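Dumped entry.cif below, it's mmCIF, C-alpha atoms:
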data_my_file
loop_
_atom_site.label_atom_id
_atom_site.label_comp_id
_atom_site.auth_asym_id
_atom_site.auth_seq_id
_atom_site.Cartn_x
_atom_site.Cartn_y
_atom_site.Cartn_z
CA MET N 1 -28.05 -18.05 -63.73
CA LEU N 2 -27.49 -16.06 -60.55
CA ILE N 3 -24.26 -16.71 -58.65
CA HIS N 4 -24.72 -15.17 -55.21
CA ALA N 5 -21.44 -15.08 -53.28
CA CYS N 6 -21.51 -14.52 -49.52
CA VAL N 7 -17.99 -13.26 -48.87
CA SER N 8 -16.32 -12.74 -45.51
CA GLY N 9 -15.41 -9.15 -44.74
CA HIS N 10 -12.64 -10.34 -42.40
CA GLY N 11 -9.96 -9.39 -44.91
CA TYR N 12 -9.33 -8.53 -48.51
CA GLY N 13 -7.93 -12.01 -49.16
CA HIS N 14 -11.40 -13.55 -49.26
CA GLY N 15 -12.54 -10.95 -51.78
CA SER N 16 -9.43 -11.39 -53.92
CA ARG N 17 -9.94 -15.15 -54.04
CA VAL N 18 -13.62 -14.86 -54.99
CA ALA N 19 -12.77 -12.24 -57.62
CA SER N 20 -10.14 -14.48 -59.22
CA VAL N 21 -12.63 -17.36 -59.48
CA LEU N 22 -15.68 -15.37 -60.58
CA THR N 23 -13.74 -13.45 -63.23
CA ALA N 24 -12.64 -16.85 -64.58
CA LEU N 25 -16.27 -17.98 -64.46
CA HIS N 26 -17.28 -14.87 -66.42
CA VAL N 27 -15.01 -16.02 -69.24
CA LEU N 28 -16.87 -19.35 -69.33
CA GLU N 29 -20.39 -17.89 -68.88
CA PRO N 30 -20.43 -14.16 -69.65
CA SER N 31 -24.22 -13.92 -69.35
CA TRP N 32 -24.40 -15.18 -65.76
CA ARG N 33 -25.07 -12.60 -63.05
CA LEU N 34 -22.40 -12.28 -60.38
CA VAL N 35 -23.63 -10.89 -57.06
CA LEU N 36 -21.26 -10.09 -54.20
CA SER N 37 -22.95 -10.10 -50.80
CA THR N 38 -20.30 -8.73 -48.45
CA SER N 39 -19.13 -5.92 -46.22
CA LEU N 40 -16.00 -5.42 -48.33
CA PRO N 41 -15.85 -1.93 -49.88
CA ARG N 42 -17.04 -1.37 -53.43
CA SER N 43 -13.80 0.39 -54.37
CA PHE N 44 -11.77 -2.72 -53.52
CA LEU N 45 -14.16 -5.02 -55.40
CA GLU N 46 -14.18 -2.80 -58.49
CA LEU N 47 -10.41 -2.95 -58.58
CA ALA N 48 -10.42 -6.73 -58.07
CA PHE N 49 -13.03 -7.42 -60.76
CA GLY N 50 -11.76 -4.88 -63.29
CA PRO N 51 -13.93 -4.95 -66.41
CA VAL N 52 -16.04 -7.90 -65.22
CA PRO N 53 -19.53 -6.71 -64.19
CA PHE N 54 -20.88 -7.57 -60.76
CA GLU N 55 -23.65 -6.47 -58.42
CA LEU N 56 -22.99 -5.56 -54.80
CA ARG N 57 -25.30 -6.35 -51.90
CA PRO N 58 -23.76 -4.72 -48.80
CA CYS N 59 -24.09 -7.38 -46.07
CA ARG N 60 -22.00 -8.43 -43.10
CA TRP N 61 -22.15 -12.20 -42.87
CA ASP N 62 -19.43 -12.91 -40.35
CA VAL N 63 -16.96 -11.35 -37.94
CA GLY N 64 -13.83 -13.39 -38.53
CA VAL N 65 -11.28 -12.14 -36.03
CA ILE N 66 -11.12 -8.49 -35.03
CA GLN N 67 -7.58 -7.21 -35.51
CA ALA N 68 -5.78 -4.20 -34.12
CA ASP N 69 -3.40 -4.35 -37.09
CA ALA N 70 -2.24 -6.86 -39.70
CA LEU N 71 -0.36 -8.94 -37.13
CA GLY N 72 -2.57 -8.71 -34.03
CA ALA N 73 -5.85 -10.35 -32.91
CA ASP N 74 -8.35 -9.07 -30.32
CA GLY N 75 -10.35 -11.92 -28.78
CA PRO N 76 -12.70 -9.88 -26.53
CA ALA N 77 -13.54 -7.48 -29.36
CA THR N 78 -14.26 -10.47 -31.59
CA LEU N 79 -16.74 -11.91 -29.08
CA ASN N 80 -18.45 -8.52 -28.72
CA ALA N 81 -18.72 -8.24 -32.50
CA HIS N 82 -20.31 -11.71 -32.63
CA GLU N 83 -22.99 -10.61 -30.19
CA GLN N 84 -23.82 -7.66 -32.43
CA LEU N 85 -23.82 -9.88 -35.52
CA GLU N 86 -26.35 -12.22 -33.90
CA ARG N 87 -28.67 -9.26 -33.40
CA ASP N 88 -28.25 -8.07 -36.98
CA LEU N 89 -28.42 -11.37 -38.88
CA PRO N 90 -32.19 -12.11 -38.73
CA ALA N 91 -33.21 -8.89 -40.48
CA GLN N 92 -30.36 -9.22 -42.97
CA LEU N 93 -31.37 -12.76 -43.83
CA GLU N 94 -34.97 -11.65 -44.42
CA ARG N 95 -33.82 -8.91 -46.78
CA GLU N 96 -31.55 -11.21 -48.78
CA VAL N 97 -34.13 -13.99 -49.05
CA ALA N 98 -36.75 -11.52 -50.29
CA TRP N 99 -34.36 -9.92 -52.80
CA ILE N 100 -33.11 -13.23 -54.22
CA ARG N 101 -36.65 -14.58 -54.60
CA SER N 102 -37.66 -11.40 -56.41
CA GLN N 103 -34.99 -12.01 -59.07
CA GLY N 104 -36.57 -15.22 -60.35
CA ASP N 105 -33.28 -16.62 -61.67
CA PRO N 106 -31.81 -20.09 -61.20
CA LEU N 107 -29.51 -19.79 -58.20
CA LEU N 108 -26.21 -21.09 -56.87
CA LEU N 109 -24.85 -19.80 -53.55
CA LEU N 110 -21.10 -19.54 -52.96
CA GLY N 111 -19.73 -19.11 -49.44
CA ASP N 112 -16.20 -17.87 -48.65
CA VAL N 113 -16.62 -18.73 -45.78
CA PRO N 114 -19.30 -17.18 -43.51
CA PRO N 115 -21.26 -19.91 -41.71
CA ALA N 116 -24.47 -17.86 -41.91
CA ALA N 117 -24.61 -18.59 -45.65
CA ALA N 118 -25.93 -22.03 -44.68
CA GLU N 119 -29.10 -20.55 -43.22
CA LEU N 120 -29.59 -18.44 -46.34
CA ALA N 121 -29.30 -21.59 -48.47
CA GLN N 122 -31.77 -23.48 -46.30
CA ARG N 123 -34.38 -20.75 -46.47
CA LEU N 124 -34.07 -20.62 -50.25
CA ALA N 125 -33.71 -24.40 -50.72
CA ALA N 126 -30.69 -23.45 -52.83
CA PRO N 127 -27.42 -25.30 -53.42
CA LEU N 128 -24.47 -23.98 -51.44
CA VAL N 129 -20.82 -24.41 -52.40
CA TRP N 130 -18.14 -23.49 -49.89
CA MET N 131 -14.79 -22.26 -51.13
CA GLY N 132 -11.71 -21.55 -49.04
CA ASN N 133 -8.61 -22.84 -47.34
CA PHE N 134 -10.13 -22.82 -43.86
CA GLY N 135 -13.38 -22.42 -41.99
CA TRP N 136 -13.94 -20.34 -38.88
CA ASP N 137 -14.29 -23.56 -36.90
CA ALA N 138 -10.54 -24.17 -37.38
CA ILE N 139 -9.70 -20.59 -36.37
CA TYR N 140 -11.95 -20.31 -33.31
CA ARG N 141 -11.33 -23.65 -31.63
CA PRO N 142 -7.69 -22.95 -30.66
CA MET N 143 -8.76 -19.59 -29.18
CA GLY N 144 -10.50 -21.47 -26.35
CA GLY N 145 -13.21 -20.39 -23.92
CA ALA N 146 -16.38 -19.06 -25.53
CA PHE N 147 -14.86 -19.57 -28.97
CA GLY N 148 -15.38 -23.33 -28.61
CA ALA N 149 -19.14 -22.93 -28.97
CA LEU N 150 -18.66 -20.64 -31.98
CA ALA N 151 -16.42 -23.28 -33.55
CA ASP N 152 -19.06 -25.98 -33.02
CA ARG N 153 -21.78 -23.83 -34.57
CA ALA N 154 -19.61 -22.95 -37.54
CA GLN N 155 -18.71 -26.58 -38.23
CA ALA N 156 -22.38 -27.61 -38.05
CA ALA N 157 -23.24 -24.90 -40.58
CA TYR N 158 -20.46 -25.91 -42.95
CA ARG N 159 -21.75 -29.48 -42.98
CA LEU N 160 -25.06 -28.21 -44.41
CA GLY N 161 -23.37 -27.24 -47.68
CA ASP N 162 -23.51 -29.30 -50.85
CA ALA N 163 -19.86 -29.22 -51.91
CA LEU N 164 -16.46 -27.81 -51.01
CA ILE N 165 -13.90 -26.28 -53.34
CA GLN N 166 -10.77 -26.68 -51.25
CA CYS N 167 -8.04 -24.21 -52.01
CA PRO N 168 -4.37 -24.96 -51.34
CA LEU N 169 -2.51 -23.91 -48.18
CA ALA N 170 -5.48 -25.42 -46.35
CA MET N 171 -6.29 -26.17 -42.74
CA PRO N 172 -8.43 -29.22 -41.87
CA MET N 173 -11.98 -28.85 -43.19
CA PRO N 174 -13.78 -31.96 -41.82
CA TRP N 175 -17.22 -31.13 -43.12
CA ASP N 176 -18.19 -34.45 -44.76
CA LEU N 177 -18.82 -32.86 -48.16
CA PRO N 178 -17.76 -33.77 -51.70
CA VAL N 179 -14.39 -32.02 -52.16
CA THR N 180 -12.77 -30.56 -55.26
CA ALA N 181 -9.16 -29.60 -54.55
CA VAL N 182 -7.70 -26.87 -56.76
CA GLY N 183 -4.32 -25.18 -57.23
CA LEU N 184 -3.28 -21.61 -56.52
CA THR N 185 -6.15 -19.17 -57.10
CA ALA N 186 -4.41 -16.03 -58.29
CA GLY N 187 -5.80 -13.22 -60.38
CA ARG N 188 -4.27 -12.32 -63.71
CA PRO N 189 -2.22 -9.13 -64.17
CA ARG N 190 -3.88 -6.67 -66.57
CA HIS N 191 -0.88 -4.43 -67.31
CA ARG N 192 2.45 -4.88 -69.05
CA PRO N 193 5.31 -4.82 -66.52
CA GLU N 194 7.40 -2.59 -68.77
CA ALA N 195 4.65 0.04 -68.88
CA LEU N 196 4.28 -0.04 -65.11
CA ARG N 197 8.03 0.26 -64.59
CA GLU N 198 8.02 3.38 -66.75
CA ARG N 199 4.91 4.82 -65.09
CA LEU N 200 6.35 4.43 -61.58
CA GLN N 201 9.85 5.44 -62.73
CA LEU N 202 11.43 2.42 -61.09
CA SER N 203 15.19 2.46 -61.40
CA GLU N 204 16.18 -0.81 -59.73
CA PRO N 205 16.07 -4.20 -61.48
CA ARG N 206 13.60 -6.80 -60.26
CA GLU N 207 16.15 -8.24 -57.81
CA GLY N 208 16.45 -4.86 -56.09
CA THR N 209 12.72 -4.02 -56.01
CA VAL N 210 10.78 -5.05 -52.91
CA MET N 211 7.06 -4.75 -52.16
CA VAL N 212 5.99 -4.15 -48.56
CA ALA N 213 2.40 -5.43 -48.28
CA PHE N 214 0.35 -6.10 -45.15
CA GLY N 215 -3.18 -6.37 -46.51
CA GLY N 216 -6.17 -4.12 -46.10
CA LEU N 217 -5.52 -3.19 -42.47
CA GLY N 218 -1.91 -2.41 -43.18
CA LEU N 219 0.81 -1.99 -40.60
CA ALA N 220 2.32 1.27 -39.36
CA LEU N 221 6.06 1.15 -40.09
CA ASP N 222 8.81 3.48 -38.96
CA PRO N 223 10.55 5.07 -41.96
CA ALA N 224 13.99 4.79 -40.29
CA PRO N 225 14.69 1.08 -41.01
CA PHE N 226 14.33 1.67 -44.76
CA ALA N 227 17.58 3.64 -44.62
CA ARG N 228 19.40 0.38 -43.94
CA TRP N 229 18.65 -0.67 -47.54
CA PRO N 230 19.60 2.25 -49.80
CA GLU N 231 20.40 -0.04 -52.71
CA HIS N 232 16.79 -1.27 -52.83
CA GLN N 233 13.61 0.35 -54.05
CA PHE N 234 10.41 -0.29 -52.08
CA LEU N 235 6.80 -0.32 -53.22
CA VAL N 236 4.48 0.70 -50.35
CA SER N 237 0.77 1.45 -49.92
CA ASP N 238 1.07 4.07 -47.16
CA PRO N 239 1.29 7.62 -48.61
CA ALA N 240 2.97 9.00 -45.47
CA LEU N 241 5.61 6.28 -45.61
CA ALA N 242 6.23 6.87 -49.31
CA ALA N 243 6.70 10.59 -48.64
CA ALA N 244 9.12 9.96 -45.77
CA VAL N 245 11.32 7.31 -47.40
CA GLY N 246 13.55 8.41 -50.25
CA ASN N 247 13.75 5.00 -51.88
CA ALA N 248 10.02 4.18 -51.56
CA VAL N 249 7.40 4.46 -54.29
CA LEU N 250 3.69 4.64 -53.55
CA ILE N 251 1.52 1.93 -55.09
CA PRO N 252 -1.11 3.87 -57.06
CA ALA N 253 -4.69 3.47 -55.87
CA ASP N 254 -5.80 2.22 -59.29
CA LEU N 255 -3.39 -0.73 -59.27
CA ARG N 256 -3.68 -4.01 -57.43
CA PRO N 257 -0.45 -5.12 -55.74
CA LEU N 258 -0.78 -8.15 -58.03
CA GLU N 259 0.03 -5.92 -61.01
CA LEU N 260 3.37 -4.92 -59.50
CA LEU N 261 4.58 -8.27 -58.17
CA PRO N 262 6.17 -9.16 -61.56
CA LEU N 263 8.47 -6.16 -61.00
CA CYS N 264 9.52 -7.34 -57.52
CA GLY N 265 12.11 -9.92 -56.59
CA ARG N 266 10.72 -10.13 -53.06
CA VAL N 267 7.72 -9.11 -50.97
CA ILE N 268 7.77 -8.43 -47.22
CA THR N 269 4.38 -9.52 -45.92
CA LYS N 270 2.29 -11.23 -43.27
CA PRO N 271 0.84 -14.75 -43.59
CA GLY N 272 -1.99 -14.23 -46.06
CA TYR N 273 -3.60 -16.63 -48.51
CA SER N 274 -4.06 -14.37 -51.53
CA THR N 275 -0.66 -12.67 -51.25
CA PHE N 276 0.93 -16.13 -51.07
CA CYS N 277 -1.01 -17.33 -54.12
CA GLU N 278 -0.06 -14.28 -56.16
CA ALA N 279 3.60 -14.26 -55.15
CA LEU N 280 4.04 -18.01 -55.60
CA SER N 281 2.32 -17.90 -59.01
CA LEU N 282 4.53 -15.04 -60.22
CA GLY N 283 7.84 -16.28 -58.80
CA THR N 284 8.28 -13.52 -56.21
CA GLY N 285 10.22 -14.49 -53.10
CA ILE N 286 8.38 -14.07 -49.78
CA HIS N 287 9.93 -12.54 -46.65
CA LEU N 288 7.33 -13.68 -44.12
CA VAL N 289 6.80 -11.75 -40.90
CA GLN N 290 5.61 -14.35 -38.42
CA ARG N 291 2.23 -13.85 -36.79
CA HIS N 292 0.93 -15.26 -33.51
CA GLY N 293 -2.60 -15.81 -32.18
CA PHE N 294 -4.23 -16.74 -35.50
CA ALA N 295 -4.39 -20.46 -36.26
CA GLU N 296 -3.96 -20.09 -40.02
CA ALA N 297 -0.58 -18.38 -39.68
CA PRO N 298 1.57 -21.43 -38.76
CA VAL N 299 -0.18 -23.47 -41.46
CA LEU N 300 0.72 -20.88 -44.09
CA GLU N 301 4.26 -20.64 -42.78
CA ALA N 302 4.72 -24.41 -43.00
CA ALA N 303 3.28 -24.40 -46.52
CA LEU N 304 5.65 -21.61 -47.53
CA ARG N 305 8.61 -23.64 -46.30
CA ARG N 306 7.45 -26.54 -48.47
CA HIS N 307 6.45 -24.69 -51.62
CA GLY N 308 8.05 -21.25 -51.91
CA TRP N 309 11.35 -19.38 -51.99
CA HIS N 310 11.39 -17.50 -48.72
CA ARG N 311 12.95 -15.95 -45.63
CA LEU N 312 11.32 -15.83 -42.17
CA LEU N 313 11.32 -12.68 -40.01
CA SER N 314 10.07 -11.96 -36.50
CA ARG N 315 8.08 -8.81 -35.84
CA GLU N 316 11.07 -7.48 -33.92
CA GLN N 317 13.30 -8.00 -36.97
CA LEU N 318 10.76 -6.18 -39.12
CA GLU N 319 10.63 -3.20 -36.79
CA ARG N 320 14.41 -2.80 -36.53
CA GLY N 321 15.00 -3.24 -40.26
CA ASP N 322 16.71 -6.64 -40.12
CA TRP N 323 14.96 -7.72 -43.33
CA GLN N 324 17.63 -10.09 -44.71
CA LEU N 325 17.38 -8.64 -48.21
CA ASP N 326 21.09 -9.29 -48.67
CA GLN N 327 20.61 -13.00 -47.94
CA PRO N 328 19.68 -15.61 -50.55
CA LEU N 329 16.12 -16.88 -50.53
CA LEU N 330 15.70 -20.30 -48.95
CA PRO N 331 14.43 -22.94 -51.39
CA PRO N 332 11.20 -24.89 -50.88
CA SER N 333 11.64 -28.29 -49.25
CA THR N 334 9.34 -30.06 -51.73
CA GLY N 335 8.36 -28.06 -54.78
CA PRO N 336 5.91 -25.55 -56.27
CA LEU N 337 2.14 -25.82 -56.03
CA PRO N 338 0.12 -26.10 -59.24
CA SER N 339 -1.33 -22.88 -60.59
CA GLY N 340 -4.62 -22.30 -62.40
CA GLY N 341 -6.80 -23.03 -59.38
CA GLU N 342 -9.10 -20.11 -60.19
CA VAL N 343 -9.98 -21.71 -63.54
CA ALA N 344 -10.50 -25.16 -62.02
CA ALA N 345 -12.74 -23.65 -59.33
CA ALA N 346 -14.74 -21.73 -61.94
CA GLN N 347 -15.22 -24.88 -63.99
CA ARG N 348 -16.48 -26.74 -60.91
CA LEU N 349 -18.91 -23.93 -60.07
CA ARG N 350 -20.18 -24.01 -63.64
CA GLU N 351 -20.74 -27.78 -63.46
CA LEU N 352 -22.62 -27.56 -60.18
CA ALA N 353 -24.75 -24.62 -61.37
CA ILE N 354 -25.72 -26.38 -64.58
CA GLU N 355 -26.52 -29.62 -62.71
CA ARG N 356 -28.79 -27.70 -60.37
CA SER N 357 -30.46 -25.80 -63.20
CA LEU N 358 -31.21 -29.06 -65.03
CA LEU N 359 -32.71 -30.57 -61.87
CA GLN N 360 -34.94 -27.53 -61.36
CA ALA N 361 -36.11 -27.72 -64.97
CA ARG N 362 -37.38 -31.31 -64.63
#
The structure given in the file should be rewritten as structure tokens.
Amino acid sequence: MLIHACVSGHGYGHGSRVASVLTALHVLEPSWRLVLSTSLPRSFLELAFGPVPFELRPCRWDVGVIQADALGADGPATLNAHEQLERDLPAQLEREVAWIRSQGDPLLLLGDVPPAAAELAQRLAAPLVWMGNFGWDAIYRPMGGAFGALADRAQAAYRLGDALIQCPLAMPMPWDLPVTAVGLTAGRPRHRPEALRERLQLSEPREGTVMVAFGGLGLALDPAPFARWPEHQFLVSDPALAAAVGNAVLIPADLRPLELLPLCGRVITKPGYSTFCEALSLGTGIHLVQRHGFAEAPVLEAALRRHGWHRLLSREQLERGDWQLDQPLLPPSTGPLPSGGEVAAAQRLRELAIERSLLQAR
């Protein structure tokens, strides 16, 4: 069985989610081939998949939203990128159709969540399962203007799928498909926390250790505000920042932030699906830096208020160091979300793949 996943290159969160589900699927069906069709870098995917084998087909399936940094969106650049994508897609589709047909394996397509995966599925007469907590229709429509037509096209493409695995923290996904709702889709740590604490020579207890994480794009931070928190130790991904801040430790390139969250009482971060899933699953408090201009952000913020221990920060508070690390975390208004969504999603993919394989065999 060939599982061909078309994965958005918009951000690492899509790749992290797909990796958590497909590594769980590998446990269930170790002989199945896992193919990642995406513009995400191989180095990131190798870290996300760990020992689980996968094949990479470098393809750009969607644009998402072009960002200047982890908290900003650039509408005109996004529209320009869409125009280029429209020119590139026909040849890319031809290549992928030809390659998949040459494999001769039973096939299931997984989309997270580039609309163009629908055309690939139609050309191959293959089943297509969407997986995500939003579609680009929900992101583009509030952006107005020319984005309205993009939203309409995306929604029409999503409705051509066969099923939807709906992840938590979700926006509306009105695609008229059979829906399987799952819990938090977080990867599993592969290292013992005690060994990591020793390797990184962390001296503060979990309550005094804070991760600063702003995704693949990152966010340039001034070292000066860190001096306001000398009693804390910070885990950061920027080598220059780690060198400039006496109480900062660089996250090693061979470790996912997920591995270090069990050592952290809190994480300072942007609204991001995978970071939320990982932190909520591991009991790490979230200091959320609010983001504007991206429709998913207020949905994630509202979900955090309901389901996670948290504090809310403005960008201005972030930049001046008013991080509220001396304040107690605010409790969720309802309660925690269920975990194990990556396993439930893998089980559903397995069911759908086997159903399709049996139909093809008749």
Kindly indicate which residue among N:Arg33, N:His292, N:Arg356, N:Arg190 lies nearest to Asp74 (chain N), using only C-alpha atoms for the distances.
-> N:His292
Shell of 7 Å around Arg315 (chain N), all atoms listed in the file, local chain residues under 4 positions omitted, as number ranges by chain = N: 289-290, 319
Excluding region 9-24 of chain N and any residue of its chain fewer than 2 positions from it, enumerate the residues within 7 Å of it, using all atoms listed in the file, and give them as a list of chain:residue names.
-> N:Val7, N:His26, N:Val27, N:Leu28, N:Thr38, N:Ser39, N:Leu40, N:Ala48, N:Phe49, N:Val52, N:Arg60, N:Val63, N:Gly64, N:Val65, N:Asp112, N:Thr185, N:Ala186, N:Gly187, N:Gly215, N:Gly216, N:Tyr273, N:Ser274, N:Glu342, N:Val343, N:Ala345, N:Ala346
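Using the PyMOL selection byres ((chain N and resi 200) around 10) on the file at hand returns these residues: Ala195, Leu196, Arg197, Glu198, Arg199, Gln201, Leu202, Ser203, Leu235, Val249, Leu250, Ile251 and Pro252 of chain N.
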Would you kindly identify which residues have an atom no farther than 9 Å from (2.2, -12.9, -47.9), using only C-alpha atoms and the file's own coordinates, and write them out as a VMD selection string?
-> chain N and resid 213 to 215 267 to 279 286 to 289 300
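The space between CA of Phe226 (chain N) and CA of Leu255 (chain N) spans 23.0 Å.
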From the set N:Val299, N:Trp229, N:Leu312, N:Gly340, which residue has the shortest atom-to-atom contact distance to Leu325 (chain N), counting all atoms listed in the file?
->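 The answer is N:Trp229, which sits nearest to Leu325 (chain N).
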Here CA of Ser37 (chain N) and CA of Gln166 (chain N) stand apart by 20.6 Å
Could you tell me how far CA of Ile66 (chain N) lies from CA of Ala295 (chain N), in Å and to one decimal?
->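 Atom-to-atom, CA of Ile66 (chain N) to CA of Ala295 (chain N), that is 13.8 Å.
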Can you work out which one of N:Ala163, N:Met143, N:Ala227, N:Leu34 has the shortest atom-to-atom distance to Leu79 (chain N), counting only C-alpha atoms?
-> N:Met143
Check what the PyMOL selection byres ((chain N and resi 283) around 9) selects in the file above and give those residues as an MDAnalysis selection string.
-> chainID N and resid 261:262 265:266 278:282 284:285 308:309
Tell me which protein, DNA and RNA residues are within 10 Å of Pro142 (chain N), counting only C-alpha atoms, leaving out same-chain ones fewer than 2 positions away, and put them as a ChimeraX atom specification.
-> /N:137-140,144-145,147-148,151,293-295
Hey, which of N:Glu194, N:Glu83, N:Glu355, N:Asp238 ends up closest to Val212 (chain N)? Count only C-alpha atoms.
->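 So, comparing all the options, the nearest one is N:Asp238.
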Residues within 10 Å of Thr180 (chain N), all atoms listed in the file, excluding chain neighbours under 2 positions, as number ranges by chain = N: 131, 163-167, 177-178, 182, 344-345, 348
Specify as number ranges by chain each residue included when the PyMOL selection byres ((chain N and resi 248) around 6) is applied to this file.
-> N: 233-235, 242, 245-247, 249
Filtering to C-alpha atoms, could you give me those residues as a CSV table (one decimal), in the coordinates of the input?
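File written: out_3.csv
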chain,number,residue,atom,x,y,z
N,233,GLN,CA,13.6,0.4,-54.0
N,234,PHE,CA,10.4,-0.3,-52.1
N,235,LEU,CA,6.8,-0.3,-53.2
N,242,ALA,CA,6.2,6.9,-49.3
N,245,VAL,CA,11.3,7.3,-47.4
N,246,GLY,CA,13.6,8.4,-50.2
N,247,ASN,CA,13.8,5.0,-51.9
N,249,VAL,CA,7.4,4.5,-54.3
Could you please give me, as a PyMOL selection string, the residues of protein, DNA or RNA lying at most 7 Å from (18.0, -9.8, -52.2) in the coordinate frame of the file, considering all atoms listed in the file?
-> chain N and resi 207-208+325-328
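With all atoms listed in the file as the atoms that count, the minimum distance from Pro257 (chain N) to the choices N:Leu89, N:Ala146, N:Met1, N:Met211 is reached by N:Met211.
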List the neighbours of Arg256 (chain N) out to 8 Å using all atoms listed in the file; skip same-chain residues closer than 3 positions along the sequence, and give me the result as JSON, numbers by chain.
-> {"N": [47, 48, 253, 259, 260]}
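When all atoms listed in the file are used to measure the gap to Pro298 (chain N), the shortest distance among N:Ser237, N:Ala170, N:His4, N:Asn80 belongs to N:Ala170.
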